[in-house]
Amino acid sequence: MKNAVLSHPWTSVRNLLVMRLDNIGDVIMTSPALRSIKANLPDAKLTLMASPGGSIAASLLPWVDEVLTWRVLWQDFGRLAFDPAREWELVEKLRGFDAVIIFTSFSQSPHPAAFMSCLAGIPLRLGESKEQGGMMLTDEVFAAPDELHQVERNLRLIESVGFEVHDRSLSIQHPNIKLIDQPYIVLNPWTSCQSRNYDAKRFAIAAQQLAKITGWKIVVTGVEKDRDRAKIVLDILGNDCIDLIGKTSLPELAALIANAKLMLSNNTSTMHIADATRTPSVIMFAGTELECQWQPRDCSARLLRRPTPCHPCYAFQCPYDLECLDIEPGEIVRSSLELLEESQLCLKLR
């Protein structure tokens, strides 16, 4: 019955390729769209094509049947050497799909991906474009306003060809395990992007104060390469700290966040995981992006940022000493305690 609302060619899709070629958080934000696609096309095989980093998120998405991991030239131009044989290899890998849905952010074009899909003979090609026209997309949706949240941008795309959406919230699959057997706060103090990293020392000071007030441990997370910059955080936290840097898989990290009392993080993939697991979060949200495009929508959250004239800059490196993140640890502590109090009140009202 759900399939009846789809435009006619899409009802017969049985081998579907979905592209989201950015990072872990971007792939997690496709979860409502993937869930809706699977509900509308329950017999279809769904293959997710993602970057090497983003493909890791597929382990959290139960609607994905297969993963195609590929580093695409058009998003790594200048860093990835142009190799025609490699590009043709991708075309060959794309052959045999009935349809492709190309998810992009407000600043990206679907046309390079659509061109490769066209060369591969994929008959249905859906994408959102600011540069309307041409033959690369068979189903072309005019771009939404830049300010639209990324989750809604994804859902708007699939709704344009008739997919029904009953749940617009993020959700993920993670193991039902408890890695820590006592109340704790997750501190995820680093990102791979310099312009979005709040001062780690200040983060540690705020976390230590929260540990003293609540009596809870601080679980520090990150990837193994973060260990080189972790000393100051671990030294400040001392016995209040449980060091899990580089010691969890992504599903284990998701379970860790899901069972936390609170998460402290920058604007990175952990923010989206916490949104999906409904974990209260205080986020140091740098001025690199507009909050309305990426902010949590389903968990209780506080986004902290100092207003600056350069916002949003969309820069990877900040030339202004991260003025947008010049926030005292005490503000993090106050926001955290307010959030915890509100969360407890909500639990009581339930």
# chains A, B, ... in the order shown; residues from 1 in each chain; ligands from 1
>>> residues_around(residues="Pro309 of chain A", least_positions_apart="5", cutoff="12 Å", atoms="only C-alpha atoms", output="NGL selection string")
:A and (287-288 or 320 or 323-324)
>>> residues_around(residues="segment 126-137 of chain A", least_positions_apart="3", cutoff="7 Å", atoms="only C-alpha atoms", output="PyMOL selection string")
chain A and resi 100-103+109-111+114-115+118+140-143+157
>>> residues_around(residues="Thr69 of chain A", least_positions_apart="2", cutoff="6 Å", atoms="only C-alpha atoms", output="PyMOL selection string")
chain A and resi 49-52
>>> write_last_selection(atoms="all heavy atoms", output="compact mmCIF listing (two decimals), in the first residue's frame")
# COMPACT_ATOMS: atom_id res chain seq x y z
N MET A 49 26.61 3.88 -0.73
CA MET A 49 27.93 4.27 -1.19
C MET A 49 28.39 5.44 -0.34
O MET A 49 27.71 6.47 -0.26
CB MET A 49 27.90 4.66 -2.67
CG MET A 49 29.27 5.08 -3.19
SD MET A 49 29.23 5.42 -4.98
CE MET A 49 30.83 6.19 -5.22
N ALA A 50 29.54 5.29 0.30
CA ALA A 50 30.03 6.30 1.22
C ALA A 50 31.54 6.39 1.14
O ALA A 50 32.22 5.50 0.59
CB ALA A 50 29.59 5.98 2.65
N SER A 51 32.09 7.46 1.71
CA SER A 51 33.53 7.64 1.77
C SER A 51 34.13 6.62 2.73
O SER A 51 33.41 6.00 3.52
CB SER A 51 33.84 9.05 2.25
OG SER A 51 33.47 9.18 3.63
N PRO A 52 35.45 6.44 2.71
CA PRO A 52 36.07 5.52 3.67
C PRO A 52 35.73 5.85 5.12
O PRO A 52 35.49 4.96 5.93
CB PRO A 52 37.57 5.68 3.40
CG PRO A 52 37.65 6.05 1.96
CD PRO A 52 36.45 6.94 1.73
>>> atom_distance(atom1="atom CA of Ile158 of chain A", atom2="atom CA of Asn23 of chain A")
20.6 Å
>>> select_by_dssp(residues="segment 172-268 of chain A", states="helix (DSSP H, G or I)", output="PyMOL selection string")
chain A and resi 194-196+200-214+224-229+231-240+250-258
>>> closest_residue(among="A:Pro9, A:Gly25, A:Gly330, A:Pro251", to="Pro296 of chain A", atoms="only C-alpha atoms")
A:Gly25
>>> atom_distance(atom1="atom CA of Ala200 of chain A", atom2="atom CA of Ile172 of chain A")
28.2 Å
>>> closest_residue(among="A:Ile56, A:Leu155, A:Val282, A:Val333", to="Leu34 of chain A", atoms="only C-alpha atoms")
A:Leu155
>>> decode(residues="segment 204-316 of chain A", atoms="C-alpha atoms", output="CSV table (one decimal), in the first residue's frame")
chain,number,residue,atom,x,y,z
A,204,ALA,CA,38.7,19.2,30.9
A,205,ILE,CA,38.3,21.9,33.6
A,206,ALA,CA,34.5,22.0,33.0
A,207,ALA,CA,34.3,18.2,33.0
A,208,GLN,CA,36.3,18.0,36.3
A,209,GLN,CA,33.9,20.5,37.9
A,210,LEU,CA,30.9,18.5,36.8
A,211,ALA,CA,32.6,15.3,38.2
A,212,LYS,CA,33.0,17.0,41.6
A,213,ILE,CA,29.4,18.2,41.6
A,214,THR,CA,27.7,15.1,40.4
A,215,GLY,CA,30.1,12.4,41.7
A,216,TRP,CA,30.1,10.8,38.2
A,217,LYS,CA,33.1,9.6,36.3
A,218,ILE,CA,34.2,11.4,33.1
A,219,VAL,CA,34.6,9.0,30.2
A,220,VAL,CA,37.0,10.5,27.6
A,221,THR,CA,36.5,9.3,24.1
A,222,GLY,CA,38.3,9.9,20.8
A,223,VAL,CA,40.2,8.1,18.1
A,224,GLU,CA,43.7,6.7,18.6
A,225,LYS,CA,45.4,9.6,16.9
A,226,ASP,CA,43.8,11.9,19.5
A,227,ARG,CA,46.1,10.4,22.1
A,228,ASP,CA,48.9,12.7,21.1
A,229,ARG,CA,46.9,15.7,22.3
A,230,ALA,CA,45.2,14.0,25.2
A,231,LYS,CA,47.7,14.5,28.0
A,232,ILE,CA,46.4,17.8,29.3
A,233,VAL,CA,42.9,16.4,29.5
A,234,LEU,CA,43.8,13.2,31.3
A,235,ASP,CA,46.1,15.1,33.7
A,236,ILE,CA,43.4,17.6,34.7
A,237,LEU,CA,40.8,14.9,35.2
A,238,GLY,CA,43.1,12.5,37.1
A,239,ASN,CA,41.1,9.9,39.1
A,240,ASP,CA,37.8,11.3,37.8
A,241,CYS,CA,38.7,10.0,34.3
A,242,ILE,CA,38.0,6.7,32.5
A,243,ASP,CA,40.3,6.8,29.4
A,244,LEU,CA,38.6,5.1,26.4
A,245,ILE,CA,40.5,7.0,23.7
A,246,GLY,CA,40.9,4.8,20.7
A,247,LYS,CA,39.4,1.8,22.6
A,248,THR,CA,35.9,1.6,21.2
A,249,SER,CA,34.4,0.7,17.9
A,250,LEU,CA,31.7,3.0,16.5
A,251,PRO,CA,28.9,0.7,17.7
A,252,GLU,CA,30.5,0.6,21.1
A,253,LEU,CA,30.9,4.4,21.2
A,254,ALA,CA,27.2,4.7,20.3
A,255,ALA,CA,26.3,2.4,23.2
A,256,LEU,CA,28.5,4.3,25.5
A,257,ILE,CA,26.8,7.6,24.5
A,258,ALA,CA,23.4,6.0,24.8
A,259,ASN,CA,24.0,5.0,28.4
A,260,ALA,CA,25.6,8.3,29.5
A,261,LYS,CA,23.9,10.8,31.8
A,262,LEU,CA,25.3,13.6,29.7
A,263,MET,CA,27.7,14.2,26.8
A,264,LEU,CA,30.1,17.1,26.2
A,265,SER,CA,31.3,17.4,22.7
A,266,ASN,CA,32.1,19.7,19.7
A,267,ASN,CA,30.1,19.8,16.6
A,268,THR,CA,31.1,16.4,15.2
A,269,SER,CA,29.6,12.9,14.7
A,270,THR,CA,29.1,12.3,18.4
A,271,MET,CA,26.6,15.1,18.4
A,272,HIS,CA,24.5,13.2,15.9
A,273,ILE,CA,24.9,9.9,17.7
A,274,ALA,CA,23.6,11.6,20.9
A,275,ASP,CA,20.7,13.0,19.0
A,276,ALA,CA,19.8,9.6,17.8
A,277,THR,CA,20.2,8.0,21.3
A,278,ARG,CA,18.4,11.0,23.0
A,279,THR,CA,21.3,11.7,25.2
A,280,PRO,CA,21.4,15.2,26.8
A,281,SER,CA,24.3,17.1,25.3
A,282,VAL,CA,26.2,20.3,25.6
A,283,ILE,CA,27.8,21.1,22.3
A,284,MET,CA,30.5,23.6,21.6
A,285,PHE,CA,29.2,24.7,18.2
A,286,ALA,CA,31.8,26.7,16.3
A,287,GLY,CA,30.8,29.4,14.0
A,288,THR,CA,31.8,27.3,11.0
A,289,GLU,CA,28.2,26.4,10.2
A,290,LEU,CA,24.6,27.6,10.8
A,291,GLU,CA,23.1,25.7,13.8
A,292,CYS,CA,19.8,25.4,11.9
A,293,GLN,CA,21.5,23.1,9.3
A,294,TRP,CA,23.0,20.5,11.6
A,295,GLN,CA,21.8,20.9,15.2
A,296,PRO,CA,20.2,18.1,17.3
A,297,ARG,CA,16.5,18.0,17.0
A,298,ASP,CA,15.5,15.0,19.2
A,299,CYS,CA,17.7,15.1,22.2
A,300,SER,CA,17.9,17.8,24.9
A,301,ALA,CA,20.8,19.9,24.0
A,302,ARG,CA,22.6,23.2,24.6
A,303,LEU,CA,24.6,24.7,21.7
A,304,LEU,CA,27.3,27.2,22.9
A,305,ARG,CA,28.8,29.7,20.6
A,306,ARG,CA,30.1,33.3,20.9
A,307,PRO,CA,28.6,35.6,18.2
A,308,THR,CA,31.3,36.7,15.6
A,309,PRO,CA,31.0,38.6,12.4
A,310,CYS,CA,32.6,35.8,10.4
A,311,HIS,CA,29.8,33.3,11.1
A,312,PRO,CA,29.2,31.1,9.2
A,313,CYS,CA,32.7,30.8,7.7
A,314,TYR,CA,32.6,27.1,6.6
A,315,ALA,CA,36.4,27.1,7.1
A,316,PHE,CA,38.6,24.2,8.1
